[in-house]
Amino acid sequence: MVKITVDYDKCEGAECGECADVCPMEVLVIEGDTLVIKNKGECSLCEVCMDVCPDEAIKIEDD
Ligand code: SF4
């Protein structure tokens with residue numbers, strides 16, 4: 001099962017949205033001003049979100 005952690009002290013939310021733009025599974029979504037995690041079970045562990053995040057706010061782990 002994937003574990004997705006967003007550090008909201010670092011995340012810029014809707015100001016950025018890079019991860020939501022690239023997530024192929026629509027797991028990461030901007031709602032209002034905030035990044036939210038949806039359908040975690042759909043995550044393919046591609047780690048593209050981690051790669052594009054300018055704030056190193058996302059951690060993807062396979063546990
Ligand atoms: S690892 Fe890939 S599928 Fe999972 S949340 Fe990040 S971009 Fe989406």
# chains A, B, ... in the order shown; residues from 1 in each chain; ligands from 1
call {"tool": "residues_near_ligand", "arguments": {"ligand": "ligand 1", "cutoff": "10 Å", "atoms": "only C-alpha atoms and all ligand atoms", "output": "mmCIF file with N, CA and C atoms, in the first residue's frame"}}
result
data_model
loop_
_atom_site.group_PDB
_atom_site.id
_atom_site.type_symbol
_atom_site.label_atom_id
_atom_site.label_comp_id
_atom_site.auth_asym_id
_atom_site.auth_seq_id
_atom_site.Cartn_x
_atom_site.Cartn_y
_atom_site.Cartn_z
ATOM 1 N N VAL A 2 0.497 2.186 -0.826
ATOM 2 C CA VAL A 2 1.289 3.413 -0.922
ATOM 3 C C VAL A 2 0.968 4.344 0.254
ATOM 4 N N LYS A 3 1.999 5.023 0.697
ATOM 5 C CA LYS A 3 1.819 6.054 1.714
ATOM 6 C C LYS A 3 2.215 7.391 1.086
ATOM 7 N N ILE A 4 1.281 8.322 1.042
ATOM 8 C CA ILE A 4 1.520 9.635 0.453
ATOM 9 C C ILE A 4 1.498 10.668 1.574
ATOM 10 N N THR A 5 2.596 11.391 1.712
ATOM 11 C CA THR A 5 2.672 12.405 2.759
ATOM 12 C C THR A 5 2.889 13.767 2.122
ATOM 13 N N GLU A 18 1.732 22.078 -9.357
ATOM 14 C CA GLU A 18 2.519 21.307 -10.331
ATOM 15 C C GLU A 18 2.207 19.811 -10.238
ATOM 16 N N CYS A 19 2.128 19.290 -9.036
ATOM 17 C CA CYS A 19 1.910 17.847 -8.867
ATOM 18 C C CYS A 19 0.533 17.434 -9.392
ATOM 19 N N ALA A 20 -0.467 18.261 -9.104
ATOM 20 C CA ALA A 20 -1.816 17.952 -9.571
ATOM 21 C C ALA A 20 -1.866 17.963 -11.104
ATOM 22 N N ASP A 21 -1.071 18.833 -11.717
ATOM 23 C CA ASP A 21 -1.042 18.914 -13.184
ATOM 24 C C ASP A 21 -0.464 17.645 -13.808
ATOM 25 N N VAL A 22 0.510 17.052 -13.136
ATOM 26 C CA VAL A 22 1.214 15.922 -13.761
ATOM 27 C C VAL A 22 0.740 14.549 -13.292
ATOM 28 N N CYS A 23 0.050 14.474 -12.173
ATOM 29 C CA CYS A 23 -0.360 13.154 -11.653
ATOM 30 C C CYS A 23 -1.254 12.435 -12.664
ATOM 31 N N PRO A 24 -0.796 11.306 -13.202
ATOM 32 C CA PRO A 24 -1.569 10.629 -14.247
ATOM 33 C C PRO A 24 -2.812 9.919 -13.715
ATOM 34 N N MET A 25 -2.865 9.705 -12.406
ATOM 35 C CA MET A 25 -3.964 8.951 -11.816
ATOM 36 C C MET A 25 -4.982 9.857 -11.110
ATOM 37 N N GLU A 26 -4.765 11.156 -11.183
ATOM 38 C CA GLU A 26 -5.646 12.130 -10.525
ATOM 39 C C GLU A 26 -5.783 11.840 -9.036
ATOM 40 N N VAL A 27 -4.653 11.440 -8.449
ATOM 41 C CA VAL A 27 -4.617 11.218 -6.999
ATOM 42 C C VAL A 27 -4.448 12.544 -6.268
ATOM 43 N N LEU A 28 -3.618 13.398 -6.842
ATOM 44 C CA LEU A 28 -3.361 14.711 -6.247
ATOM 45 C C LEU A 28 -4.201 15.746 -6.979
ATOM 46 N N VAL A 29 -5.017 16.449 -6.207
ATOM 47 C CA VAL A 29 -5.987 17.369 -6.793
ATOM 48 C C VAL A 29 -5.984 18.664 -5.978
ATOM 49 N N ILE A 37 -5.437 14.744 -1.276
ATOM 50 C CA ILE A 37 -5.110 13.409 -1.771
ATOM 51 C C ILE A 37 -6.418 12.644 -1.948
ATOM 52 N N LYS A 38 -6.660 12.195 -3.183
ATOM 53 C CA LYS A 38 -7.888 11.448 -3.488
ATOM 54 C C LYS A 38 -7.512 10.050 -3.973
ATOM 55 N N ASN A 39 -8.355 9.107 -3.772
ATOM 56 C CA ASN A 39 -8.176 7.782 -4.362
ATOM 57 C C ASN A 39 -6.732 7.279 -4.250
ATOM 58 N N LYS A 40 -6.232 7.291 -3.037
ATOM 59 C CA LYS A 40 -4.838 6.916 -2.809
ATOM 60 C C LYS A 40 -4.501 5.559 -3.425
ATOM 61 N N GLY A 41 -5.489 4.670 -3.448
ATOM 62 C CA GLY A 41 -5.277 3.329 -3.989
ATOM 63 C C GLY A 41 -4.970 3.306 -5.476
ATOM 64 N N GLU A 42 -5.258 4.414 -6.154
ATOM 65 C CA GLU A 42 -4.982 4.506 -7.594
ATOM 66 C C GLU A 42 -3.537 4.889 -7.882
ATOM 67 N N CYS A 43 -2.802 5.315 -6.885
ATOM 68 C CA CYS A 43 -1.421 5.783 -7.084
ATOM 69 C C CYS A 43 -0.579 4.662 -7.675
ATOM 70 N N SER A 44 0.153 5.010 -8.743
ATOM 71 C CA SER A 44 0.981 4.035 -9.444
ATOM 72 C C SER A 44 2.435 4.088 -9.001
ATOM 73 N N LEU A 45 2.716 4.882 -7.986
ATOM 74 C CA LEU A 45 4.085 5.024 -7.454
ATOM 75 C C LEU A 45 5.067 5.550 -8.499
ATOM 76 N N CYS A 46 4.562 6.325 -9.443
ATOM 77 C CA CYS A 46 5.446 6.829 -10.509
ATOM 78 C C CYS A 46 6.423 7.888 -10.003
ATOM 79 N N GLU A 47 6.062 8.544 -8.915
ATOM 80 C CA GLU A 47 6.909 9.560 -8.258
ATOM 81 C C GLU A 47 7.114 10.836 -9.078
ATOM 82 N N VAL A 48 6.320 10.998 -10.130
ATOM 83 C CA VAL A 48 6.419 12.227 -10.926
ATOM 84 C C VAL A 48 6.108 13.449 -10.059
ATOM 85 N N CYS A 49 5.168 13.297 -9.147
ATOM 86 C CA CYS A 49 4.802 14.418 -8.267
ATOM 87 C C CYS A 49 5.992 14.873 -7.428
ATOM 88 N N MET A 50 6.744 13.901 -6.908
ATOM 89 C CA MET A 50 7.928 14.242 -6.126
ATOM 90 C C MET A 50 8.953 14.968 -6.986
ATOM 91 N N ASP A 51 9.083 14.529 -8.224
ATOM 92 C CA ASP A 51 10.069 15.120 -9.131
ATOM 93 C C ASP A 51 9.746 16.575 -9.461
ATOM 94 N N VAL A 52 8.468 16.887 -9.632
ATOM 95 C CA VAL A 52 8.115 18.241 -10.071
ATOM 96 C C VAL A 52 7.905 19.214 -8.919
ATOM 97 N N ILE A 58 6.262 16.595 -1.053
ATOM 98 C CA ILE A 58 5.541 15.329 -1.215
ATOM 99 C C ILE A 58 6.492 14.162 -1.024
ATOM 100 N N LYS A 59 6.024 13.188 -0.282
ATOM 101 C CA LYS A 59 6.812 11.969 -0.105
ATOM 102 C C LYS A 59 5.924 10.777 -0.467
ATOM 103 N N ILE A 60 6.416 9.949 -1.386
ATOM 104 C CA ILE A 60 5.714 8.740 -1.798
ATOM 105 C C ILE A 60 6.499 7.542 -1.276
ATOM 106 N N GLU A 61 5.828 6.693 -0.524
ATOM 107 C CA GLU A 61 6.508 5.507 0.023
ATOM 108 C C GLU A 61 5.649 4.275 -0.233
ATOM 109 N N ASP A 62 6.315 3.190 -0.535
ATOM 110 C CA ASP A 62 5.627 1.907 -0.700
ATOM 111 C C ASP A 62 5.854 1.120 0.585
#
call {"tool": "atom_distance", "arguments": {"atom1": "atom CA of Pro54 of chain A", "atom2": "atom CA of Met1 of chain A"}}
result
25.4 Å
call {"tool": "select_by_dssp", "arguments": {"residues": "chain A", "states": "strand (DSSP E)", "output": "JSON, numbers by chain"}}
result
{"A": [2, 3, 4, 5, 6, 28, 29, 30, 31, 34, 35, 36, 37, 58, 59, 60, 61, 62]}
call {"tool": "write_last_selection", "arguments": {"atoms": "all heavy atoms", "output": "compact mmCIF listing (two decimals), in the first residue's frame"}}
result
# COMPACT_ATOMS: atom_id res chain seq x y z
N VAL A 2 0.50 2.19 -0.83
CA VAL A 2 1.29 3.41 -0.92
C VAL A 2 0.97 4.34 0.25
O VAL A 2 -0.16 4.41 0.72
CB VAL A 2 1.03 4.13 -2.27
CG1 VAL A 2 -0.41 4.56 -2.39
CG2 VAL A 2 1.96 5.32 -2.46
N LYS A 3 2.00 5.02 0.70
CA LYS A 3 1.82 6.05 1.71
C LYS A 3 2.21 7.39 1.09
O LYS A 3 3.33 7.54 0.59
CB LYS A 3 2.70 5.75 2.92
CG LYS A 3 2.51 6.71 4.07
CD LYS A 3 3.35 6.26 5.27
CE LYS A 3 3.35 7.33 6.34
NZ LYS A 3 4.45 7.10 7.30
N ILE A 4 1.28 8.32 1.04
CA ILE A 4 1.52 9.63 0.45
C ILE A 4 1.50 10.67 1.57
O ILE A 4 0.50 10.78 2.29
CB ILE A 4 0.45 9.99 -0.60
CG1 ILE A 4 0.38 8.91 -1.69
CG2 ILE A 4 0.73 11.37 -1.21
CD1 ILE A 4 -0.78 9.10 -2.67
N THR A 5 2.60 11.39 1.71
CA THR A 5 2.67 12.41 2.76
C THR A 5 2.89 13.77 2.12
O THR A 5 3.79 13.94 1.30
CB THR A 5 3.85 12.11 3.71
OG1 THR A 5 3.79 10.74 4.11
CG2 THR A 5 3.79 13.00 4.94
N VAL A 6 2.05 14.72 2.48
CA VAL A 6 2.22 16.10 2.02
C VAL A 6 2.59 16.95 3.24
O VAL A 6 1.87 16.95 4.24
CB VAL A 6 0.94 16.65 1.37
CG1 VAL A 6 1.12 18.12 0.99
CG2 VAL A 6 0.54 15.84 0.15
N LEU A 28 -3.62 13.40 -6.84
CA LEU A 28 -3.36 14.71 -6.25
C LEU A 28 -4.20 15.75 -6.98
O LEU A 28 -4.12 15.89 -8.19
CB LEU A 28 -1.87 15.05 -6.35
CG LEU A 28 -0.95 14.05 -5.66
CD1 LEU A 28 0.50 14.38 -5.94
CD2 LEU A 28 -1.20 14.01 -4.16
N VAL A 29 -5.02 16.45 -6.21
CA VAL A 29 -5.99 17.37 -6.79
C VAL A 29 -5.98 18.66 -5.98
O VAL A 29 -5.88 18.64 -4.75
CB VAL A 29 -7.40 16.74 -6.75
CG1 VAL A 29 -8.45 17.68 -7.33
CG2 VAL A 29 -7.43 15.41 -7.50
N ILE A 30 -6.08 19.79 -6.67
CA ILE A 30 -6.24 21.07 -5.98
C ILE A 30 -7.73 21.33 -5.77
O ILE A 30 -8.51 21.30 -6.72
CB ILE A 30 -5.62 22.23 -6.79
CG1 ILE A 30 -4.10 22.05 -6.95
CG2 ILE A 30 -5.95 23.57 -6.15
CD1 ILE A 30 -3.29 22.26 -5.69
N GLU A 31 -8.09 21.54 -4.52
CA GLU A 31 -9.47 21.92 -4.19
C GLU A 31 -9.42 23.23 -3.43
O GLU A 31 -8.86 23.28 -2.33
CB GLU A 31 -10.15 20.83 -3.35
CG GLU A 31 -10.65 19.67 -4.18
CD GLU A 31 -11.51 18.68 -3.40
OE1 GLU A 31 -11.66 18.84 -2.16
OE2 GLU A 31 -12.02 17.75 -4.03
N THR A 34 -6.12 24.36 -1.61
CA THR A 34 -5.37 23.29 -0.95
C THR A 34 -5.16 22.08 -1.84
O THR A 34 -6.04 21.70 -2.62
CB THR A 34 -6.16 22.85 0.32
OG1 THR A 34 -6.49 24.00 1.07
CG2 THR A 34 -5.34 21.91 1.19
N LEU A 35 -4.01 21.45 -1.66
CA LEU A 35 -3.75 20.16 -2.30
C LEU A 35 -4.39 19.06 -1.47
O LEU A 35 -4.17 18.97 -0.26
CB LEU A 35 -2.24 19.93 -2.39
CG LEU A 35 -1.83 18.56 -2.95
CD1 LEU A 35 -2.23 18.42 -4.40
CD2 LEU A 35 -0.34 18.34 -2.77
N VAL A 36 -5.19 18.23 -2.11
CA VAL A 36 -5.80 17.11 -1.39
C VAL A 36 -5.44 15.79 -2.07
O VAL A 36 -5.17 15.75 -3.27
CB VAL A 36 -7.35 17.24 -1.29
CG1 VAL A 36 -7.73 18.42 -0.41
CG2 VAL A 36 -7.99 17.35 -2.65
N ILE A 37 -5.44 14.74 -1.28
CA ILE A 37 -5.11 13.41 -1.77
C ILE A 37 -6.42 12.64 -1.95
O ILE A 37 -7.19 12.48 -1.01
CB ILE A 37 -4.20 12.67 -0.77
CG1 ILE A 37 -2.90 13.46 -0.56
CG2 ILE A 37 -3.90 11.26 -1.25
CD1 ILE A 37 -2.09 12.99 0.64
N ILE A 58 6.26 16.60 -1.05
CA ILE A 58 5.54 15.33 -1.21
C ILE A 58 6.49 14.16 -1.02
O ILE A 58 7.60 14.15 -1.55
CB ILE A 58 4.91 15.22 -2.62
CG1 ILE A 58 3.98 16.40 -2.87
CG2 ILE A 58 4.13 13.91 -2.76
CD1 ILE A 58 3.47 16.47 -4.30
N LYS A 59 6.02 13.19 -0.28
CA LYS A 59 6.81 11.97 -0.11
C LYS A 59 5.92 10.78 -0.47
O LYS A 59 4.80 10.65 0.04
CB LYS A 59 7.27 11.86 1.35
CG LYS A 59 8.32 10.80 1.56
CD LYS A 59 9.19 11.09 2.79
CE LYS A 59 8.44 10.83 4.07
NZ LYS A 59 9.26 10.95 5.28
N ILE A 60 6.42 9.95 -1.39
CA ILE A 60 5.71 8.74 -1.80
C ILE A 60 6.50 7.54 -1.28
O ILE A 60 7.70 7.42 -1.53
CB ILE A 60 5.62 8.63 -3.34
CG1 ILE A 60 4.93 9.85 -3.95
CG2 ILE A 60 4.93 7.33 -3.76
CD1 ILE A 60 3.45 9.94 -3.69
N GLU A 61 5.83 6.69 -0.52
CA GLU A 61 6.51 5.51 0.02
C GLU A 61 5.65 4.28 -0.23
O GLU A 61 4.42 4.34 -0.14
CB GLU A 61 6.71 5.66 1.53
CG GLU A 61 7.66 6.78 1.93
CD GLU A 61 7.57 7.07 3.41
OE1 GLU A 61 6.59 7.71 3.83
OE2 GLU A 61 8.47 6.64 4.15
N ASP A 62 6.32 3.19 -0.54
CA ASP A 62 5.63 1.91 -0.70
C ASP A 62 5.85 1.12 0.58
O ASP A 62 6.97 0.70 0.85
CB ASP A 62 6.22 1.17 -1.90
CG ASP A 62 5.40 -0.05 -2.28
OD1 ASP A 62 4.30 -0.23 -1.72
OD2 ASP A 62 5.87 -0.82 -3.15
call {"tool": "select_by_dssp", "arguments": {"residues": "chain A", "states": "alpha helix (DSSP H)", "output": "PyMOL selection string"}}
result
chain A and resi 18-22+48-52
call {"tool": "decode", "arguments": {"residues": "segment 27-52 of chain A", "atoms": "N, CA, C and O atoms", "output": "short mmCIF file (atom, residue, chain, number, x, y, z; two decimals), in the first residue's frame"}}
result
data_model
loop_
_atom_site.label_atom_id
_atom_site.label_comp_id
_atom_site.auth_asym_id
_atom_site.auth_seq_id
_atom_site.Cartn_x
_atom_site.Cartn_y
_atom_site.Cartn_z
N VAL A 27 -4.65 11.44 -8.45
CA VAL A 27 -4.62 11.22 -7.00
C VAL A 27 -4.45 12.54 -6.27
O VAL A 27 -5.05 12.78 -5.22
N LEU A 28 -3.62 13.40 -6.84
CA LEU A 28 -3.36 14.71 -6.25
C LEU A 28 -4.20 15.75 -6.98
O LEU A 28 -4.12 15.89 -8.19
N VAL A 29 -5.02 16.45 -6.21
CA VAL A 29 -5.99 17.37 -6.79
C VAL A 29 -5.98 18.66 -5.98
O VAL A 29 -5.88 18.64 -4.75
N ILE A 30 -6.08 19.79 -6.67
CA ILE A 30 -6.24 21.07 -5.98
C ILE A 30 -7.73 21.33 -5.77
O ILE A 30 -8.51 21.30 -6.72
N GLU A 31 -8.09 21.54 -4.52
CA GLU A 31 -9.47 21.92 -4.19
C GLU A 31 -9.42 23.23 -3.43
O GLU A 31 -8.86 23.28 -2.33
N GLY A 32 -10.00 24.25 -4.01
CA GLY A 32 -9.89 25.58 -3.40
C GLY A 32 -8.43 25.99 -3.41
O GLY A 32 -7.80 26.01 -4.46
N ASP A 33 -7.89 26.28 -2.23
CA ASP A 33 -6.49 26.70 -2.11
C ASP A 33 -5.56 25.55 -1.78
O ASP A 33 -4.35 25.74 -1.68
N THR A 34 -6.12 24.36 -1.61
CA THR A 34 -5.37 23.29 -0.95
C THR A 34 -5.16 22.08 -1.84
O THR A 34 -6.04 21.70 -2.62
N LEU A 35 -4.01 21.45 -1.66
CA LEU A 35 -3.75 20.16 -2.30
C LEU A 35 -4.39 19.06 -1.47
O LEU A 35 -4.17 18.97 -0.26
N VAL A 36 -5.19 18.23 -2.11
CA VAL A 36 -5.80 17.11 -1.39
C VAL A 36 -5.44 15.79 -2.07
O VAL A 36 -5.17 15.75 -3.27
N ILE A 37 -5.44 14.74 -1.28
CA ILE A 37 -5.11 13.41 -1.77
C ILE A 37 -6.42 12.64 -1.95
O ILE A 37 -7.19 12.48 -1.01
N LYS A 38 -6.66 12.19 -3.18
CA LYS A 38 -7.89 11.45 -3.49
C LYS A 38 -7.51 10.05 -3.97
O LYS A 38 -6.46 9.88 -4.59
N ASN A 39 -8.36 9.11 -3.77
CA ASN A 39 -8.18 7.78 -4.36
C ASN A 39 -6.73 7.28 -4.25
O ASN A 39 -6.12 6.93 -5.25
N LYS A 40 -6.23 7.29 -3.04
CA LYS A 40 -4.84 6.92 -2.81
C LYS A 40 -4.50 5.56 -3.42
O LYS A 40 -3.39 5.33 -3.90
N GLY A 41 -5.49 4.67 -3.45
CA GLY A 41 -5.28 3.33 -3.99
C GLY A 41 -4.97 3.31 -5.48
O GLY A 41 -4.49 2.31 -6.00
N GLU A 42 -5.26 4.41 -6.15
CA GLU A 42 -4.98 4.51 -7.59
C GLU A 42 -3.54 4.89 -7.88
O GLU A 42 -3.09 4.82 -9.03
N CYS A 43 -2.80 5.32 -6.88
CA CYS A 43 -1.42 5.78 -7.08
C CYS A 43 -0.58 4.66 -7.68
O CYS A 43 -0.58 3.54 -7.18
N SER A 44 0.15 5.01 -8.74
CA SER A 44 0.98 4.03 -9.44
C SER A 44 2.44 4.09 -9.00
O SER A 44 3.29 3.44 -9.61
N LEU A 45 2.72 4.88 -7.99
CA LEU A 45 4.09 5.02 -7.45
C LEU A 45 5.07 5.55 -8.50
O LEU A 45 6.25 5.24 -8.46
N CYS A 46 4.56 6.33 -9.44
CA CYS A 46 5.45 6.83 -10.51
C CYS A 46 6.42 7.89 -10.00
O CYS A 46 7.46 8.12 -10.62
N GLU A 47 6.06 8.54 -8.91
CA GLU A 47 6.91 9.56 -8.26
C GLU A 47 7.11 10.84 -9.08
O GLU A 47 7.99 11.64 -8.77
N VAL A 48 6.32 11.00 -10.13
CA VAL A 48 6.42 12.23 -10.93
C VAL A 48 6.11 13.45 -10.06
O VAL A 48 6.74 14.50 -10.19
N CYS A 49 5.17 13.30 -9.15
CA CYS A 49 4.80 14.42 -8.27
C CYS A 49 5.99 14.87 -7.43
O CYS A 49 6.23 16.07 -7.26
N MET A 50 6.74 13.90 -6.91
CA MET A 50 7.93 14.24 -6.13
C MET A 50 8.95 14.97 -6.99
O MET A 50 9.61 15.90 -6.54
N ASP A 51 9.08 14.53 -8.22
CA ASP A 51 10.07 15.12 -9.13
C ASP A 51 9.75 16.58 -9.46
O ASP A 51 10.65 17.40 -9.58
N VAL A 52 8.47 16.89 -9.63
CA VAL A 52 8.12 18.24 -10.07
C VAL A 52 7.91 19.21 -8.92
O VAL A 52 7.94 20.43 -9.13
#
